[in-house]
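Pasting data.tsv here (TSV, C-alpha atoms):
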chain	number	residue	atom	x	y	z
E	1320	MET	CA	3.66	5.65	-4.78
E	1321	HIS	CA	3.48	6.45	-8.46
E	1322	TYR	CA	7.26	6.25	-8.73
E	1323	MET	CA	7.19	2.78	-7.10
E	1324	ARG	CA	4.13	1.56	-8.98
E	1325	LYS	CA	6.01	-1.33	-10.61
E	1326	GLN	CA	7.21	-2.55	-7.23
E	1327	ILE	CA	4.07	-2.13	-5.10
E	1328	GLY	CA	1.38	-2.05	-7.80
E	1329	TYR	CA	-1.41	0.42	-8.43
E	1330	GLY	CA	-3.70	-1.07	-5.79
E	1331	VAL	CA	-1.95	0.85	-3.02
E	1332	LEU	CA	-2.44	4.11	-4.92
E	1333	TYR	CA	-6.13	3.33	-5.52
E	1334	VAL	CA	-6.76	2.73	-1.81
E	1335	PHE	CA	-4.82	5.83	-0.75
E	1336	VAL	CA	-6.60	8.20	-3.13
E	1337	GLY	CA	-9.97	6.66	-2.24
E	1338	ALA	CA	-9.34	7.22	1.47
E	1339	LEU	CA	-8.11	10.74	0.74
E	1340	GLN	CA	-11.34	11.52	-1.11
E	1341	PHE	CA	-13.39	10.42	1.89
E	1342	PHE	CA	-11.20	12.41	4.31
E	1343	GLN	CA	-11.35	15.61	2.26
E	1344	THR	CA	-15.15	15.49	2.21
E	1345	LEU	CA	-15.18	15.30	6.00
E	1346	LEU	CA	-12.92	18.35	6.09
E	1347	VAL	CA	-15.22	20.27	3.73
E	1348	SER	CA	-18.07	19.60	6.15
E	1349	ASN	CA	-16.26	20.74	9.28
E	1350	VAL	CA	-12.90	22.49	8.81
E	1351	TYR	CA	-12.39	25.99	7.37
E	1352	ASP	CA	-9.66	28.60	7.70
E	1353	THR	CA	-9.56	32.32	6.99
E	1354	SER	CA	-5.84	33.00	7.11
E	1355	ILE	CA	-5.40	33.68	3.38
E	1356	PHE	CA	-6.87	36.87	1.85
E	1357	ASN	CA	-9.49	36.82	4.63
E	1358	TYR	CA	-11.56	34.32	2.61
E	1359	GLN	CA	-12.80	31.02	4.01
E	1360	PHE	CA	-11.38	27.88	2.50
E	1361	SER	CA	-11.18	24.21	3.46
E	1362	PRO	CA	-7.88	22.33	3.07
E	1363	GLY	CA	-9.93	19.24	2.23
E	1364	SER	CA	-11.25	20.82	-0.94
E	1365	THR	CA	-8.42	23.13	-1.94
E	1366	ILE	CA	-5.50	20.75	-1.29
E	1367	PHE	CA	-6.55	17.11	-0.84
E	1368	TYR	CA	-9.23	17.00	-3.54
E	1369	THR	CA	-7.04	18.88	-6.00
E	1370	ALA	CA	-4.20	16.44	-5.29
E	1371	SER	CA	-6.56	13.53	-6.06
E	1372	LEU	CA	-7.42	15.08	-9.42
E	1373	PHE	CA	-3.73	15.48	-10.21
E	1374	THR	CA	-3.22	11.78	-9.45
E	1375	ILE	CA	-5.81	10.95	-12.09
E	1376	LEU	CA	-4.05	13.21	-14.59
E	1377	LEU	CA	-0.68	11.66	-13.76
E	1378	THR	CA	-2.07	8.16	-14.25
E	1379	ASN	CA	-3.59	9.12	-17.58
E	1380	TYR	CA	-0.34	10.76	-18.67
E	1381	SER	CA	1.91	7.82	-17.86
E	1382	GLU	CA	-0.34	4.75	-18.12
E	1383	GLY	CA	-3.13	5.51	-20.56
E	1384	ILE	CA	-6.89	5.00	-20.54
E	1385	VAL	CA	-7.08	1.49	-19.06
E	1386	LYS	CA	-5.13	2.25	-15.87
E	1387	THR	CA	-6.88	5.60	-15.54
E	1388	ARG	CA	-10.23	3.85	-15.71
E	1389	GLY	CA	-9.08	1.46	-13.00
E	1390	LEU	CA	-8.03	4.33	-10.76
E	1391	ILE	CA	-11.28	6.25	-11.28
E	1392	TYR	CA	-13.53	3.29	-10.51
E	1393	GLY	CA	-11.26	2.16	-7.68
E	1394	VAL	CA	-11.54	5.56	-6.04
E	1395	ILE	CA	-15.30	5.73	-6.61
E	1396	ILE	CA	-15.95	2.25	-5.17
E	1397	SER	CA	-13.69	2.72	-2.15
E	1398	ASN	CA	-15.29	6.11	-1.46
E	1399	ILE	CA	-18.81	4.65	-1.64
E	1400	ALA	CA	-17.82	1.80	0.67
E	1401	LEU	CA	-16.23	4.13	3.24
E	1402	THR	CA	-19.23	6.44	3.09
E	1403	LEU	CA	-21.74	3.64	3.67
E	1404	PHE	CA	-19.74	2.12	6.53
E	1405	SER	CA	-19.36	5.53	8.14
E	1406	HIS	CA	-23.07	6.26	7.76
E	1407	PHE	CA	-24.04	2.97	9.41
E	1408	LEU	CA	-21.53	3.66	12.19
E	1409	LEU	CA	-23.05	7.12	12.66
E	1410	ILE	CA	-26.55	5.64	12.95
E	1411	HIS	CA	-25.24	3.25	15.59
E	1412	ALA	CA	-23.50	6.10	17.42
E	1413	GLU	CA	-26.71	8.16	17.52
E	1414	THR	CA	-28.40	5.34	19.45
E	1415	ASN	CA	-25.46	5.04	21.84
E	1416	ALA	CA	-25.54	7.54	24.69
E	1417	THR	CA	-22.02	6.74	25.92
E	1418	ASP	CA	-19.03	9.06	25.54
E	1419	SER	CA	-17.70	6.97	22.67
E	1420	GLY	CA	-20.98	7.31	20.80
E	1421	ILE	CA	-20.99	11.10	21.20
E	1422	PHE	CA	-17.35	11.20	20.06
E	1423	LEU	CA	-18.18	9.25	16.90
E	1424	GLU	CA	-21.10	11.57	16.16
E	1425	GLU	CA	-18.76	14.56	16.28
E	1426	ILE	CA	-16.20	12.93	13.98
E	1427	LEU	CA	-18.69	11.55	11.46
E	1428	SER	CA	-20.97	14.58	11.38
E	1429	PHE	CA	-21.65	14.97	7.66
E	1430	GLU	CA	-24.49	15.06	5.16
E	1431	LEU	CA	-24.81	11.92	3.08
E	1432	SER	CA	-25.82	14.05	0.10
E	1433	LEU	CA	-22.42	15.76	0.33
E	1434	PHE	CA	-20.70	12.48	-0.47
E	1435	VAL	CA	-23.17	11.57	-3.20
E	1436	VAL	CA	-22.68	14.85	-5.07
E	1437	GLY	CA	-18.94	14.91	-4.35
E	1438	THR	CA	-18.46	11.38	-5.70
E	1439	SER	CA	-20.58	12.14	-8.77
E	1440	LEU	CA	-18.53	15.26	-9.45
E	1441	LEU	CA	-15.31	13.28	-9.05
E	1442	PHE	CA	-16.46	10.79	-11.67
E	1443	PHE	CA	-17.48	13.51	-14.15
E	1444	GLU	CA	-14.40	15.63	-13.51
E	1445	SER	CA	-12.11	12.64	-14.03
E	1446	PHE	CA	-13.48	12.29	-17.54
E	1447	PHE	CA	-13.28	16.08	-17.95
E	1448	ILE	CA	-9.58	16.01	-17.00
E	1449	VAL	CA	-8.69	13.24	-19.44
E	1450	TYR	CA	-10.69	14.76	-22.29
E	1451	THR	CA	-9.36	18.31	-21.79
E	1452	PHE	CA	-5.75	17.17	-21.47
E	1453	GLN	CA	-5.92	14.98	-24.57
E	1454	TYR	CA	-7.81	17.66	-26.50
E	1455	LEU	CA	-5.10	20.24	-25.83
E	1456	HIS	CA	-2.43	17.72	-26.77
E	1457	LEU	CA	-4.09	16.79	-30.05
E	1458	LYS	CA	-5.39	20.20	-31.10
E	1459	MET	CA	-2.51	22.33	-29.81
E	1460	PRO	CA	0.61	20.14	-30.13
E	1461	LYS	CA	2.95	23.13	-29.99
E	1462	LEU	CA	1.59	24.30	-26.67
E	1463	ASN	CA	4.06	23.92	-23.79
E	1464	LEU	CA	3.40	20.85	-21.63
E	1465	PHE	CA	3.35	22.88	-18.43
E	1466	LEU	CA	0.64	25.12	-19.87
E	1467	ILE	CA	-1.38	22.09	-20.94
E	1468	ILE	CA	-1.19	20.67	-17.42
E	1469	TYR	CA	-1.98	23.99	-15.78
E	1470	LEU	CA	-4.85	24.93	-18.11
E	1471	THR	CA	-6.44	21.49	-17.79
E	1472	MET	CA	-6.43	21.47	-14.01
E	1473	SER	CA	-7.27	25.15	-13.65
E	1474	ILE	CA	-10.41	24.77	-15.77
E	1475	VAL	CA	-11.55	21.59	-14.01
E	1476	CYS	CA	-10.94	22.98	-10.52
E	1477	LEU	CA	-12.77	26.22	-11.34
E	1478	PHE	CA	-15.72	24.15	-12.54
E	1479	ASP	CA	-15.64	22.07	-9.35
E	1480	SER	CA	-15.55	25.12	-7.08
E	1481	VAL	CA	-18.52	26.80	-8.73
E	1482	ILE	CA	-20.72	23.69	-8.97
E	1483	PHE	CA	-19.96	22.13	-5.58
E	1484	TYR	CA	-20.27	25.30	-3.52
E	1485	SER	CA	-23.31	26.54	-5.44
E	1486	VAL	CA	-25.13	23.27	-4.71
E	1487	PHE	CA	-24.37	23.06	-1.00
E	1488	PHE	CA	-23.61	26.53	0.31
E	1489	TYR	CA	-25.64	28.92	-1.86
E	1490	GLU	CA	-28.12	29.76	0.92
E	1491	LYS	CA	-25.45	30.43	3.54
E	1492	GLU	CA	-24.74	34.04	4.50
E	1493	ASN	CA	-21.03	33.66	3.79
E	1494	PHE	CA	-21.54	31.85	0.46
E	1495	LYS	CA	-19.63	34.45	-1.56
E	1496	GLN	CA	-16.70	34.39	0.86
E	1497	MET	CA	-16.56	30.58	0.82
E	1498	LEU	CA	-16.86	30.37	-2.97
E	1499	ILE	CA	-14.17	32.97	-3.68
E	1500	GLY	CA	-11.93	31.45	-1.02
E	1501	ASN	CA	-12.27	28.01	-2.58
E	1502	ILE	CA	-11.60	29.31	-6.09
E	1503	VAL	CA	-8.53	31.27	-4.98
E	1504	GLY	CA	-7.24	28.42	-2.82
E	1505	LYS	CA	-7.69	25.84	-5.55
E	1506	GLN	CA	-6.03	27.98	-8.22
E	1507	ILE	CA	-3.00	28.57	-5.98
E	1508	THR	CA	-2.81	24.83	-5.32
E	1509	VAL	CA	-3.15	24.06	-9.03
E	1510	PHE	CA	-0.24	26.35	-9.86
E	1511	PHE	CA	2.15	24.75	-7.38
E	1512	LEU	CA	1.02	21.19	-8.11
E	1513	SER	CA	1.44	21.86	-11.84
E	1514	ILE	CA	5.04	22.84	-11.18
E	1515	MET	CA	5.57	19.68	-9.12
E	1516	PHE	CA	3.86	17.55	-11.79
E	1517	TYR	CA	5.93	19.02	-14.61
E	1518	THR	CA	9.18	18.70	-12.65
E	1519	TYR	CA	8.42	15.09	-11.71
E	1520	ILE	CA	7.83	13.89	-15.26
E	1521	LYS	CA	10.88	15.76	-16.54
E	1522	VAL	CA	13.33	14.33	-14.00
E	1523	ASN	CA	11.81	10.83	-14.14
E	1524	PRO	CA	12.76	9.19	-17.47
E	1525	ASN	CA	10.37	6.28	-16.86
E	1526	THR	CA	7.33	8.57	-16.98
E	1527	LYS	CA	6.44	8.98	-20.64
E	1528	ASN	CA	3.25	10.34	-22.13
E	1529	VAL	CA	0.82	7.70	-23.41
E	1530	ARG	CA	-1.20	9.58	-25.98
E	1531	VAL	CA	-4.51	8.57	-27.50
E	1532	LYS	CA	-4.94	8.48	-31.27
E	1533	SER	CA	-8.34	10.11	-31.15
E	1534	LEU	CA	-10.59	11.83	-28.64
E	1535	LYS	CA	-13.02	8.96	-29.17
E	1536	ASP	CA	-10.62	6.76	-27.21
E	1537	VAL	CA	-11.42	8.77	-24.08
E	1538	ILE	CA	-14.96	7.34	-24.19
E	1539	HIS	CA	-13.43	3.95	-23.33
E	1540	ILE	CA	-13.33	5.12	-19.73
E	1541	PHE	CA	-17.06	4.41	-19.71
E	1542	THR	CA	-17.44	1.65	-22.30
E	1543	PHE	CA	-14.78	-0.79	-20.93
E	1544	GLN	CA	-13.57	-1.55	-24.45
As structure tokens - that is how I would like this structure written.
Amino acid sequence: MHYMRKQIGYGVLYVFVGALQFFQTLLVSNVYDTSIFNYQFSPGSTIFYTASLFTILLTNYSEGIVKTRGLIYGVIISNIALTLFSHFLLIHAETNATDSGIFLEEILSFELSLFVVGTSLLFFESFFIVYTFQYLHLKMPKLNLFLIIYLTMSIVCLFDSVIFYSVFFYEKENFKQMLIGNIVGKQITVFFLSIMFYTYIKVNPNTKNVRVKSLKDVIHIFTFQ
């Protein structure tokens, strides 16, 4: 979708990432695996959410602050809308004793606070990604691009793992297992997605880095200037 952005526009990408953010939160609530290192991890958090963050970095890299701001707010708004609609549908399902109502309850079984904190973290981490990436570019211009990409996403994803799981799963008996599993899973995902990101921009001549002149320009994500 990023490669075809001039043909299909960025709106399709906004909607897709917004829907992906909603879907990954549902997975965090209900789906976990223990097949790697015997630690619990959710594909929604380790893969889908990390991929969403990489999309924000890719947009910032190739399009600059204005398009990145559009993507961030597009994802946030679509995620809020999907969450509210799903919550109202869940309330309706809880009053419906039919098989379809019970089925909807099972699918949409989530805590509303999970989406609120997750969306807030996404907004903050989007700014964190842009600022960290641009900081490394401006302050360490000789640093290899792959390392800049990897360090940026590794730091942000480590922050996300610690904050998100500490807020929601600290009191669970398997908190340590879930936290370590999420950190390990995310870092593995970051490594492979960094390779894919770096390869993509190197083989695609139309993807050039749009740099900011100063770190103050990153603030425009919030100021709309």
Give me, as a VMD selection string, all polymer residues having an atom no more than 9 Å from Ile1384 of chain E, counting only C-alpha atoms and skipping those fewer than 2 positions away in the same chain. chain E and resid 1378 to 1380 1382 1386 to 1389 1449 1529 1531 1536 to 1537 1539 to 1540
Prev. selection, C-alpha atoms, output as a CSV table (one decimal), in the coordinates of the input:
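After the write, selection.csv holds the following:
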chain,number,residue,atom,x,y,z
E,1378,THR,CA,-2.1,8.2,-14.2
E,1379,ASN,CA,-3.6,9.1,-17.6
E,1380,TYR,CA,-0.3,10.8,-18.7
E,1382,GLU,CA,-0.3,4.8,-18.1
E,1386,LYS,CA,-5.1,2.2,-15.9
E,1387,THR,CA,-6.9,5.6,-15.5
E,1388,ARG,CA,-10.2,3.8,-15.7
E,1389,GLY,CA,-9.1,1.5,-13.0
E,1449,VAL,CA,-8.7,13.2,-19.4
E,1529,VAL,CA,0.8,7.7,-23.4
E,1531,VAL,CA,-4.5,8.6,-27.5
E,1536,ASP,CA,-10.6,6.8,-27.2
E,1537,VAL,CA,-11.4,8.8,-24.1
E,1539,HIS,CA,-13.4,4.0,-23.3
E,1540,ILE,CA,-13.3,5.1,-19.7
Neighbouring residues of segment 1501-1515 of chain E were defined as those with any atom within 8 Å, considering all atoms listed in the file; residues of the same chain fewer than 5 positions away were excluded. Please report them as number ranges by chain. E: 1359-1361, 1364-1366, 1369-1370, 1373, 1465, 1468-1469, 1472-1473, 1476-1477, 1480-1481
From atom CA of Leu1441 of chain E to atom CA of Ser1533 of chain E the spacing works out at 23.4 Å
Could you tell me which of E:Ser1445, E:Ser1485, E:Gln1343, E:Ser1439 comes closest to Leu1377 of chain E if we count all atoms listed in the file?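 Among E:Ser1445, E:Ser1485, E:Gln1343, E:Ser1439, it is E:Ser1445 that comes nearest to Leu1377 of chain E.
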Residues proximal to (-4.5, 15.9, -32.5) were defined as those with any atom within 9 Å of that point in the file's coordinates, counting only C-alpha atoms. Which are they, as an MDAnalysis selection string? chainID E and resid 1453:1460 1531:1534
Atom CA of Thr1526 of chain E to atom CA of Ser1381 of chain E, straight-line distance in Å: 5.5 Å
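Here atom CA of Ile1538 of chain E is placed at a distance of 10.9 Å from atom CA of Phe1447 of chain E.
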For segment 1335-1340 of chain E, find every residue with an atom within 9 Å (counting only C-alpha atoms), except residues of its own chain fewer than 2 positions away, and show them as a ChimeraX atom specification. /E:1330-1333,1342-1345,1363,1367-1368,1370-1371,1374,1390,1393-1398,1401,1437-1438
From E:Tyr1519, E:Ile1499, E:Phe1452, E:Tyr1392, residue lying nearest Tyr1484 of chain E [all atoms listed in the file]: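 The answer is E:Ile1499, which sits nearest to Tyr1484 of chain E.
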Which residue of E:Leu1376, E:Ile1467, E:Ile1520, E:Ile1410 approaches Ile1391 of chain E most closely, using only C-alpha atoms: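 Nearest to Ile1391 of chain E: E:Leu1376.
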Counting only C-alpha atoms, which residue out of E:Thr1518, E:Asn1493, E:Ser1405, E:Asn1523 sits closest to Met1323 of chain E?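 For Met1323 of chain E, the nearest of the candidates is E:Asn1523.
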Residue nearest Asp1479 of chain E - candidates E:Phe1494, E:Tyr1450, E:Phe1404, E:Phe1443, atoms counted: all atoms listed in the file: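 Going through E:Phe1494, E:Tyr1450, E:Phe1404, E:Phe1443 one by one, the smallest distance to Asp1479 of chain E is for E:Phe1443.
Residue nearest Gly1383 of chain E, chosen from E:Lys1521, E:Lys1491, E:Lys1527, E:Lys1535 and counting only C-alpha atoms: E:Lys1527.
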